[in-house]
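Single-structure report; data block below.
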Amino acid sequence: MLAVLVLHTAAALLAPVLVRALGNRALYVLALVPAATFGWTLFQEAPLAEIYPWVPHLGMEMALRMGTLAWLMLLIVSGIGAVVLAYCARYFDEGDPALGRFAGIFLGFATAMTGLVVSDDLLLLYVFWELTTVFSYLLIGHKGEQAAGRRAAMQALVVTTAGGLAMLVGFVMLGHGAGTYRWSEIVAGPLPEGSAVAAVLILAGALSKSAIFPFSFWLPAAMAAPTPASAYLHAASMVKAGVFLLGLMGPMLAQAAPWRPVAVVAGVVTLLLGGWAAMRQHDLKLLLAYGTVSQLGLLTVAFGAATRTAALAGAALLLSHALFKAALFLVVGIIDRQAGTRDLRELSGLGRTAPVLAGIAGLAVASMAGVPPLAGFVGKESLFAAFEHGGTADRFVLLALVAGSALTVAYGLRFLWGAFARKPGHRSMELPRPGWAFLAPAGLLSVAGLAAGIGASWLDGVLTPYADLFSGPTGDHLALWHGLGLPLLLSVVVFAIGGVVFAGQLQGRPWPRQRLPQAESVYKRLMNAVDRAAVELTGATQRGSLPFSLGVILVVLVILGGSTLLFGGAPWPTGLRLWDTPLQLVAGAVVVGAALVAARSRRRLTAMILVGICGYGVAVLFVLHGAPDLALTQFLVETVTIVMFVLVLRRLPVRFSARPLRFTRVVRTVIAVATGVVAAGMAYVAVGGRIATPISVDFAEPAVSFGGGHNIVNVALVDIRAWDTMGEISVLVVAATGVASLIFRRSEALQRRRKEQGGQATPGGAWLRAGDNPEARRQSIILQVVARLLFHTIVLFSVYLLFSGHNAPGGGFAGGLVAGLALTTRYLAGGRRELNAAAPVDAGLLLGAGLLIAVGTGAAAMVAGGQVLQSALVDLTLPLLGHIHFATSAFFDIGVYLIVVALVLEILRSLGAELDRQHDVAAREERRALERQKEPV
């Protein structure tokens with residue numbers, strides 16, 4: 001089963017490439033994938049189980065299991081998927097630019113649906129459940145330029161996702177109560193505690209997915225999807241997911257009180273309302289859509305009843321509905337493509353011009369109406385028998401089934417009449433004859449419905465193991481002939497009533513509109529209310545004022561954090577230790593004093609320097625606590641941050657804006673003090689309330705034995721917790737890219753000109769490579785000399801920190817910051833041209849190289865047979881150098897080093913060099929404007 005999922009995934013990824021290479025013929029090749037799955041499934045015997053590790057640390061497994069119902073659904077999903085893909089080769093125009101994307105998404109949906117039906121783990125089932133929602137959203141909105149398609153896709157996404165979230169809560173309750181999320185283990189045990197609530201939540205997900213009342217409205221709107229997608233998603237597979245879930249969980253959850261009444265009542269209402277609405281439709285596709293809603297209601301009644309006979313009938317109806325409804329959608333697609341319309345009021349005489357197509361449609365409609373010997377008749381007869389001997393409630397359900405089936409006969413006749421009959425006052429339409437390759441998929445499905453009906457005894461044999469999971473009499477079976485009895489009599493009544501209803505409408509009598517509240521209008525009002533609330537809330541909070549936005553965030557922090565500390569039972573430490581040494585008190589006093597003076601400062605640069613002093617004070621505290629690595633990193637980060645602030649502050653006014661009103665100052669002060677107190681309290685409680693032994697106490701021994709280094713901090717970063725570092729450097733790459741995108745984007749010509757200017761070094765013995773430029777001439781000669789003397793020394797020191805960090809303070813991050821400071825000195829001494837001459841390399845190239853080295857280190861370990869990012873110890877003896885001992889994680893640290901250097905370089909070029917360029921351009925424009933003003937008129 002895992003191989004099937006992998007094969008489908010690979011086909012989905014390759015689909016766009018194949019379509020570009022082979023055109024529409026690629027769809028025939030792609031259809032071989034679900035066809036192979038169909039063939040494999042057909043010869044498997046249920047049950048079949050496979051288990052693979054997924055997230056072992058969380059006890060999660062990729063548990064796959066194919067029981068009888070899953071076997072049937074997998075045949076439907078794969079078989080009809082293959083047929084519809086072959087149909088798409090003739091349905092879509094040759095050279096359609098969106099066909100590759102459609103094929104990929106279609107196969108992605110087939111993959112998700114396959115995973116859904118074979119999942120034994122409830123959480124895995126939910127993952128595939130939501131994937132089907134996402135893929136269906138993309139298929140419904142295939143024509144993104146059409147507003148109706150976008151609205152329908154969003155409506156389906158919202159409704160089914162909301163139901164899916166409710167279902168997830170039900171799964172969690174069920175798994176928590178049973179102690180496992182494996183469904184095969186849950187169903188083998190007693191009913192878990194809280195199953196009644198879980199059953200209702202799971203029903204919400206199942207009913208919303210299968211468009212059962214009150215969620216029925218999203219399915220007709222989803223007909224904005226291409227017709228092949230409608231045939232597959234909304235007739236054969238996706239909408240069956242909810243019904244499948246009812247059938248899968250019915251043997252156990254039917255014991256919960258709400259399960260049967262909720263499912264049966266919702267199914268009956270859907271059966272009647274869907275059939276009623278179908279009689280009002282003039283669009284053939286919408287007629288089938290409302291008919292699908294009605295039939296899904298019938299299936300919900302069958303599986304929701306949770307008896308042996310009803311379950312057997314439900315399984316038969318599941319197969320028959322997929323066959324005849326998919327065939328009818330494909331017929332509509334042919335009519336739409338050949339005639340150019342789906343409006344039954346405009347179609348006339350197609351039965352004469354396309355007799356084969358009419359025959360295919362007639363066979364499918366006969367199965368839908370329950371005409372013997374087709375599969376629809378077999379399932380309907382068994383469902384009537386399931387409610388034949390029940391009590392009063394079952395009699396009412398049986399009456400509703402008869403009424404709904406009569407409506408099915410009526411709208412089935414309406415479909416045939418509307419599509420193929422010659423209308424009075426209309427000339428017969430000359431329909432271009434569709435080719436056999438276009439007709440064959442629909443014909444195959446219709447004939448399969450006939451074969452399934454004739455082979456009812458075989459079908460009974462393969463579906464009986466599923467029905468035996470339910471309680472009830474064991475003598476009922478699927479068959480074409482059960483003798484004269486109430487089910488057969490009711491079938492005759494159904495045909496008679498359906499024929500009379502259709503004949504009455506054919507005489508021109510208008511079909512009455514149903515007066516029940518429309519769930520779609522409720523949905524629209526709710527969404528409008530949400531949109532309105534979002535607009536009002538955004539208008540009230542997002543005013544474009546940074547102080548207001550920060551104030552709201554901090555007030556929420558104070559309220560939630562403070563109330564938790566005071567009333568949430570926070571584990572306050574019993575003892576209070578203010579300091580370990582008086583030097584800590586001195587450093588803390590410096591930090592507090594600098595912060596207070598910074599808050600009162602009127603000059604931006606002064607405030608920034610004072611904030612930097614706060615950072616340096618924190619670094620001193622790290623030193624006093626015996627954390628030299630943290631202290632070194634803090635010193636370097638603070639220095640680079642000060643440089644960045646200075647670069648930006650050059651373009652801002654020297655002083656802050658006018659102070660706000662006294663009341664505003666008081667409010668800001670209160671918020672600031674409260675935030676500081678709450679943040680300090682949260683940190684104090686979090687650290688002092690620790691109960692478990694920190695995991696870091698176990699780092700010392702493996703840092704030496706496995707990581708090969710004595711600096712525990714660095715070994716943790718590049719080995720023990722390398723995945724965390726991988727995430728952090730990825731964020732750095734994104735941040736650097738964002739800085740460049742926001743500030744440093746100009747035309748290609750200007751970029752080439754900048755590189756050419758920056759790469760021109762001054763010949764001779766100049767102290768700076770690009771010293772002969774206006775920016776360098778404005779700087780102090782002493783600064784230029786010092787920058788030249790220190791640059792290479794600082795770079796060498798950064799390399800030393802890089803390679804010594806495994807056993808001493810340092811590492812790739814600290815070394816990269818030091819190298820970045822070396823580049824900063826060159827920039828401050830000679831401007832942007834000197835920076836480009838000192839580092840004639842694109843920062844993006846360095847970022848990519850660093851990330852590639854870091855990822856490659858992890859991948860190399862995996863290729864070598866170890867775990868991802870696992871390091872190995874290497875001992876070498878080289879001439880002159882002697883014995884060398886190092887860990888392969890050093891290569892990972894080199895990647896970190898390059899990324900940090902590139903980040904600083906990108907910041908210098910963006911916040912520094914680019915702002916300089918903009919300033920020079922503005923100054924030149926201002927000078928030109930002044931010169932133009934001085935010119936005589």
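A note on labels: chains of the structure tokens are A, B, ... as shown, every chain counts residues from 1, and ligands are counted from 1 in their shown order.
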Residue list (helix (DSSP H, G or I), DSSP) for stretch 98-242 of chain A, as a ChimeraX atom specification | /A:99-118,122-140,147-178,183-186,195-209,218-224,227-236,240-242
Excluding A:Tyr616 and residues on its chain fewer than 4 positions from it, collect all residues at most 7 Å away from it, counting only C-alpha atoms, and give them as a PyMOL selection string.
-> chain A and resi 612+620+635+638
If you keep C-alpha atoms, can you produce a file of those selected residues as a compact mmCIF listing (two decimals), in the first residue's frame?
# COMPACT_ATOMS: atom_id res chain seq x y z
CA GLY A 612 23.83 49.09 23.25
CA VAL A 620 29.08 40.97 31.21
CA PHE A 635 29.19 41.26 22.39
CA GLU A 638 25.42 43.96 19.98
Hey, what's within 9 Å of A:Leu233 if we count only C-alpha atoms and toss same-chain stuff fewer than 4 positions away? As a PyMOL selection string, please?
-> chain A and resi 109+136+139+228-229+237-240
Go through A:Phe706, A:Pro258, A:Asp698, A:Ala110 and flag the residue nearest A:Leu131, using only C-alpha atoms for the distances.
->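 With only C-alpha atoms as the atom set, the closest residue is A:Ala110.
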What is the atom CA of A:Ser601 to atom CA of A:Leu649 distance in Å?
->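 Here the two named atoms are 14.9 Å from each other.
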Name the residues of stretch 73-306 of chain A that come out as strand (DSSP E or B) in a backbone DSSP run; write them as a ChimeraX atom specification.
-> /A:119,121,182,283
File dump, residues just selected, N, CA and C atoms, as a PDB file, in the first residue's frame:
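Result saved to result_20.pdb:
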ATOM      1  N   SER A 119      -5.921   4.285   5.626  1.00  0.00           N
ATOM      2  CA  SER A 119      -5.311   4.699   6.890  1.00  0.00           C
ATOM      3  C   SER A 119      -5.956   3.952   8.051  1.00  0.00           C
ATOM      4  N   ASP A 121      -4.467   4.623  11.232  1.00  0.00           N
ATOM      5  CA  ASP A 121      -4.229   5.600  12.295  1.00  0.00           C
ATOM      6  C   ASP A 121      -5.151   6.798  12.079  1.00  0.00           C
ATOM      7  N   ARG A 182      -4.915   3.797  16.685  1.00  0.00           N
ATOM      8  CA  ARG A 182      -5.094   2.754  15.675  1.00  0.00           C
ATOM      9  C   ARG A 182      -6.544   2.298  15.699  1.00  0.00           C
ATOM     10  N   ASP A 283     -29.962  23.230 -15.813  1.00  0.00           N
ATOM     11  CA  ASP A 283     -28.598  22.870 -16.192  1.00  0.00           C
ATOM     12  C   ASP A 283     -28.405  21.389 -15.864  1.00  0.00           C
TER      13      ASP A 283
END
Which of these, A:Val921, A:Ala658, A:Leu847, A:Val492, has the shortest distance to A:Arg603 once you count only C-alpha atoms?
->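 Smallest separation from A:Arg603 among the options: A:Ala658.
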Atom-to-atom span, atom CA of A:Leu330 and atom CA of A:Leu287, Å |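 Atom CA of A:Leu287 lies at a distance of 13.7 Å from atom CA of A:Leu330.
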